[in-house]
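K.L.:
Please see the structure below; I have some questions.
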Amino acid sequence: MAHEKFQVTGMTCSACAAHVEKSVSKLNGIRNCTVNLLSNSMSVDFASDLVSVQDIVQAVESGGYHASLISSKHSAKKTPSVPEDAIAGELKNMKFRLILSLVFLIPLFYISMGHMMGVPLPSFLTGHENALSFAFTQFLLVIPIVFVNFKYFQVGFKTLFKGSPNMDSLIAIGSAAAIVYGIVAIYQIGFGLGHQNMDLVHQYTMDLYFESAGMILTLITLGKYLETRAKGKTSEAITKLIHLAPKTALVIRDGAETEIPSEEVVRDDIVVVKPGNTIPVDGIIIEGGTSVDEAAITGESIPVEKGPGDTVIGATMNKAGYFRMKATKVGEDTTLSQIIRLVEEASSSKAPIAKLADRVSGVFVPIVIAVALISVIVWLLIGQSFAFSLSIGIAVLVISCPCALGLATPTAIMVGTGKGAQNGILIKSAEALEILHGIDTIVFDKTGTLTAGKPVVTDIVTAEGFSETALLKIAATLENASEHPLAEAIMLQADQENIQPDALDSFTSVTGQGIVGTIAGKKYFAGNQKMLDENHIVMDLPENIVLDFAEQGKTPLFFADEQRVIGVIAVKDTLKPSSKTAISELKHMGIHTVMLTGDHSKTANAIQREVEIDEVIAEVLPQQKEQKIRQLQESGKKVAMVGDGINDSPALARADVGIAIGAGTDIAIESADVILMKSDLLDAVAAVQLSKATLRNIKENLFWALIYNTIGIPLAAGVFFSVLGWKLNPMFAAAAMSLSSVCVVSNALRLKLFRPKYHTVQRDHSFEQQAHPNEIHIKENTKMEKEMWIEGMSCNHCKARVEAVLNGIDGVQAQVSLEDKKAVLQLSHPVEDDLLVKAVTDAGYEVVKIK
């Protein structure tokens, strides 16, 4: 099954998109076809042995549109193209058409309407004797407007004759009818003057409609210009992502540093990155050390320390040190390119809610044309004049707006997915974004998701006659040869206390129990209760110790010689700082929270009490996770699953929405619908809130688009004329039609203001050492927030410099937005405004306002 993306030109409304989709879907071998009006693109899944790319292109062109292949698995560009180039060209063309239209519309409107407003006209245009000059001058002025906007007629009539009329067809029929009637009027005026029939001259002088045609075309172009400008803003997130990648890279070639375009970097190249530079590709540091600002990719504002062996991500900022790295992912394989691809695919995908608009759009234009014709005929039969009936028909044609209906969903989807990407939340499809808003149950994996996934030593209990140092030295010696995750915790604790392991004479691993080793000729055991029982070792320590540890969610490791237990070391996987807050927020939103873990029920219950999660399903084998998700779904729940490991991937795929932690495995990320780049569970809350905000926005758009047409068409058809005397002038109908699309797109742009709202007090989680050196508790301090508007920043270097000076102040964590020229400051304790202002001013920038 092949997947290709095409650029489709000539589409102007949702009826066009519906027709293109229908034309391609009819082909044998097409599995799925999705057309996006907003990006003028089409994604097609097809059987390459049954249908070719050329067949697909021909199917599009047979409907009156043009298509070209823009991406291919075999010929993809190494770096994505910038989407605003096409929009900029379109805007330039529309601006030219709009200005030229206005240049001729103003005198046209002055001549046709000036006498009604008491504005004097030249003498050669006034009076019945000059009626022909009056009419013909208007005709001459409307010709350039028609010429510069001839695209509406070209596309409109072409699609009409091919049986797939669109919005351009409505405009073309309406304005052409007005122009043709005006030409007929000129002949009637000529006939009246020739036969001295001044009543006929007067009648047709008042019914020319050239100004209506010119005004319709100009207002539609104005609306399209404003709409295109707004549509360009919906894809700003993708544009910003593309601009993150540096244009050049320093690589070592023939033993010397050489500057080359970033897209020419190949795998295994040695890349040099200097302080303040942006990292060009993904790779591994082989020399040097630094701190890297990964905010652009993960949204995490605090720079991350990096050294030899650590991975670095392309498009992130090297803050301080000089280092060399080996390129591991280049071109379309880099993290940035994959993020751009995911955001583009999500933006061009269709949400299930869009199907209603698609069904309506497919029949909308033919129905409108039929309504216009019926309206004209009905008013003629009632006894109204042809001019009156014609104006009714034109008004019906130009007020009907399939555009607003077609733009309602894709604009909100594009802005919503883009906003998610800016916040480190990658949403793979519009369907996932829609489903997420209705989730009522979220299931969390424990290790690496709720917890940090890095066990630490919490307690050391020794038998009589044994010191903690002696026990830790024996434990470190035994565990030094083990690869178990709990062994890493003990080795880390020994390293912190500067305890070096002794030589180990022999070592044996006992599956399901622990390890046995010989130190200086003496045999020692390290393991669980089962190992003690199997070797008949006496437990001299109080029995409640083990129970207490289990109740607290800690895992006890027993250490013994051949006669007795010499001590117990308790190890625990600590919760992530944001886990408890995230669970609290989800519960506040009415979402049922579940923890799925393979741990013993006592350990799981301890975690449950600590994080206050609603439900725990413990002692679950990896292969059973998917089954548990299915059981929840069968009970009527709409389930999201949050996980990070390979064993989570079946459950992530089974869930209605799979959410992968960004620090997790590639397999888990591939199986998921949503990726949290920061590995912060509060982002899961933000993802749900973003989904709800996006769906609310889509429903608002659809409501206004439908209600606009529901009210506008009957009004234009003259339904209210007999009762209330309301009749809609075609010019006002065109203005209303133009504004409807602009309003829908503008409403979607409100999503750019989205910010997650947390009802729990925002807290700063810092680790504080207590009386026992091995016990870690969380200290929570309420944070204060300030906003600072700054002038003078012009690039990412400026942004980095301002962040550096502000973050250098004790108790300040700053995140600077270059676009908004604003810094958001999180303060762990009160900081004077003067100090903040001085820091920024000394760095060479101006603080405009602080609050």
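Following the order of the structure tokens, chains are lettered A, B, ..., residues in each are numbered from 1, and ligands are numbered from 1.
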Can you list, as a ChimeraX atom specification, every residue of stretch 95-303 of chain A that DSSP puts in strand (DSSP E)?
P.N.:
/A:248-253,256-261,270-273,282-288,290-293
K.L.:
For stretch 698-763 of chain A against stretch 376-400 of chain A, with a cut-off of 7 Å and counting only C-alpha atoms, what is the closest atom pair and its distance in Å to one decimal for every residue that makes the cut, ordered by chain and number, as a Markdown table?
P.N.:
```
| residue | atom | partner | partner_atom | distance |
| --- | --- | --- | --- | --- |
| A:Asn709 | CA | A:Ser400 | CA | 6.0 |
| A:Gly712 | CA | A:Ile399 | CA | 6.6 |
| A:Ile713 | CA | A:Val396 | CA | 5.7 |
| A:Ala716 | CA | A:Val396 | CA | 5.0 |
| A:Ala717 | CA | A:Ile392 | CA | 5.6 |
| A:Gly718 | CA | A:Ile392 | CA | 6.7 |
| A:Leu728 | CA | A:Ala395 | CA | 6.7 |
| A:Asn729 | CA | A:Ala395 | CA | 6.6 |
| A:Pro730 | CA | A:Ala395 | CA | 4.3 |
| A:Ala733 | CA | A:Ile399 | CA | 4.7 |
| A:Ala734 | CA | A:Val398 | CA | 5.4 |
| A:Ala736 | CA | A:Ile399 | CA | 6.5 |
| A:Met737 | CA | A:Ile399 | CA | 4.9 |
```
K.L.:
Env of stretch 485-501 of chain A: 12 Å cut, atoms = only C-alpha atoms, seq-sep filter 3 positions within chain, self excluded. Answer as a PyMOL selection string.
P.N.:
chain A and resi 447+453-460+468-482+504+514-515+519+526-528+554-557+568-574+773-775
K.L.:
Please produce an output containing C-alpha atoms for each residue in the selection, written as a PDB file, in the first residue's frame.
P.N.:
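The resulting out_1.pdb:
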```pdb
ATOM      1  CA  THR A 447       7.221   2.703  35.946  1.00  0.00           C
ATOM      2  CA  GLY A 453      11.766   4.879  36.446  1.00  0.00           C
ATOM      3  CA  LYS A 454      15.014   5.258  38.432  1.00  0.00           C
ATOM      4  CA  PRO A 455      14.863   3.482  41.821  1.00  0.00           C
ATOM      5  CA  VAL A 456      16.675   5.103  44.743  1.00  0.00           C
ATOM      6  CA  VAL A 457      17.675   3.816  48.180  1.00  0.00           C
ATOM      7  CA  THR A 458      15.265   5.106  50.823  1.00  0.00           C
ATOM      8  CA  ASP A 459      16.106   3.112  53.985  1.00  0.00           C
ATOM      9  CA  ILE A 460      18.982   1.105  55.405  1.00  0.00           C
ATOM     10  CA  GLU A 468      25.326   1.079  57.662  1.00  0.00           C
ATOM     11  CA  THR A 469      28.706   1.667  55.984  1.00  0.00           C
ATOM     12  CA  ALA A 470      29.719  -1.995  56.390  1.00  0.00           C
ATOM     13  CA  LEU A 471      26.388  -3.228  55.035  1.00  0.00           C
ATOM     14  CA  LEU A 472      26.495  -0.810  52.081  1.00  0.00           C
ATOM     15  CA  LYS A 473      30.071  -1.931  51.241  1.00  0.00           C
ATOM     16  CA  ILE A 474      29.018  -5.624  51.133  1.00  0.00           C
ATOM     17  CA  ALA A 475      25.897  -4.719  49.157  1.00  0.00           C
ATOM     18  CA  ALA A 476      27.903  -2.689  46.641  1.00  0.00           C
ATOM     19  CA  THR A 477      30.427  -5.501  46.202  1.00  0.00           C
ATOM     20  CA  LEU A 478      27.665  -8.034  45.471  1.00  0.00           C
ATOM     21  CA  GLU A 479      25.533  -5.768  43.284  1.00  0.00           C
ATOM     22  CA  ASN A 480      28.480  -4.435  41.295  1.00  0.00           C
ATOM     23  CA  ALA A 481      28.325  -7.570  39.148  1.00  0.00           C
ATOM     24  CA  SER A 482      24.536  -7.399  38.694  1.00  0.00           C
ATOM     25  CA  LEU A 504      34.329 -10.431  44.456  1.00  0.00           C
ATOM     26  CA  GLY A 514      18.686 -12.823  43.903  1.00  0.00           C
ATOM     27  CA  ILE A 515      22.446 -13.310  43.851  1.00  0.00           C
ATOM     28  CA  ILE A 519      33.884 -11.923  49.412  1.00  0.00           C
ATOM     29  CA  ALA A 526      21.415 -10.729  48.400  1.00  0.00           C
ATOM     30  CA  GLY A 527      17.812 -11.151  47.385  1.00  0.00           C
ATOM     31  CA  ASN A 528      14.174 -11.518  48.403  1.00  0.00           C
ATOM     32  CA  LYS A 554       9.213   0.123  48.870  1.00  0.00           C
ATOM     33  CA  THR A 555      11.036  -3.017  47.760  1.00  0.00           C
ATOM     34  CA  PRO A 556      13.180  -4.676  50.525  1.00  0.00           C
ATOM     35  CA  LEU A 557      16.501  -6.279  49.528  1.00  0.00           C
ATOM     36  CA  VAL A 568      17.843  -4.766  54.716  1.00  0.00           C
ATOM     37  CA  ILE A 569      18.084  -1.994  52.122  1.00  0.00           C
ATOM     38  CA  ALA A 570      14.766  -0.564  50.922  1.00  0.00           C
ATOM     39  CA  VAL A 571      14.605   0.731  47.368  1.00  0.00           C
ATOM     40  CA  LYS A 572      11.782   2.761  45.820  1.00  0.00           C
ATOM     41  CA  ASP A 573      10.957   4.189  42.415  1.00  0.00           C
ATOM     42  CA  THR A 574      10.011   7.781  43.307  1.00  0.00           C
ATOM     43  CA  PRO A 773      20.522  10.815  54.233  1.00  0.00           C
ATOM     44  CA  ASN A 774      18.815   8.170  52.129  1.00  0.00           C
ATOM     45  CA  GLU A 775      15.251   9.421  52.529  1.00  0.00           C
TER      46      GLU A 775
END
```
K.L.:
I need the residue nearest A:Lys602 from this list: A:Asn701, A:Gln552, A:Ser584, A:Asn166. Use only C-alpha atoms for the distance.
P.N.:
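The closest residue to A:Lys602 is A:Gln552.
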K.L.:
Would you kindly return, as a ChimeraX atom specification, each protein, DNA or RNA residue with an atom no farther than 7 Å from any atom of A:Pro165, considering only C-alpha atoms and excluding same-chain residues fewer than 2 positions away?
P.N.:
/A:156,159-160,163,169,365-366
K.L.:
Neighbours of A:Asp834 within 12 Å (only C-alpha atoms; same-chain residues fewer than 6 positions away dropped), as an NGL selection string?
P.N.:
:A and (788 or 840-842 or 847 or 849-851)
K.L.:
Okay, now the selection with N, CA and C atoms, as an mmCIF file, in the first residue's frame?
P.N.:
```
data_model
loop_
_atom_site.group_PDB
_atom_site.id
_atom_site.type_symbol
_atom_site.label_atom_id
_atom_site.label_comp_id
_atom_site.auth_asym_id
_atom_site.auth_seq_id
_atom_site.Cartn_x
_atom_site.Cartn_y
_atom_site.Cartn_z
ATOM 1 N N MET A 788 6.771 40.043 31.897
ATOM 2 C CA MET A 788 7.623 41.187 31.585
ATOM 3 C C MET A 788 7.669 41.370 30.064
ATOM 4 N N VAL A 840 17.778 42.805 32.949
ATOM 5 C CA VAL A 840 17.466 42.854 31.517
ATOM 6 C C VAL A 840 18.088 44.088 30.866
ATOM 7 N N THR A 841 18.006 45.240 31.567
ATOM 8 C CA THR A 841 18.559 46.492 31.036
ATOM 9 C C THR A 841 20.072 46.383 30.867
ATOM 10 N N ASP A 842 20.760 45.789 31.858
ATOM 11 C CA ASP A 842 22.221 45.617 31.782
ATOM 12 C C ASP A 842 22.622 44.720 30.607
ATOM 13 N N VAL A 847 12.914 47.132 29.189
ATOM 14 C CA VAL A 847 11.704 46.584 29.789
ATOM 15 C C VAL A 847 10.595 47.622 29.656
ATOM 16 N N LYS A 849 7.144 46.951 30.288
ATOM 17 C CA LYS A 849 6.120 46.811 31.331
ATOM 18 C C LYS A 849 6.388 45.523 32.099
ATOM 19 N N ILE A 850 6.027 45.534 33.375
ATOM 20 C CA ILE A 850 6.142 44.324 34.195
ATOM 21 C C ILE A 850 4.944 44.272 35.132
ATOM 22 N N LYS A 851 4.351 43.084 35.241
ATOM 23 C CA LYS A 851 3.220 42.949 36.169
ATOM 24 C C LYS A 851 3.157 41.538 36.725
#
```
K.L.:
Excluding stretch 123-139 of chain A and any residue of its chain fewer than 3 positions from it, enumerate the residues within 12 Å of it, using only C-alpha atoms, and give them as a ChimeraX atom specification.
P.N.:
/A:104-115,119-120,142-146,178-194,196-214
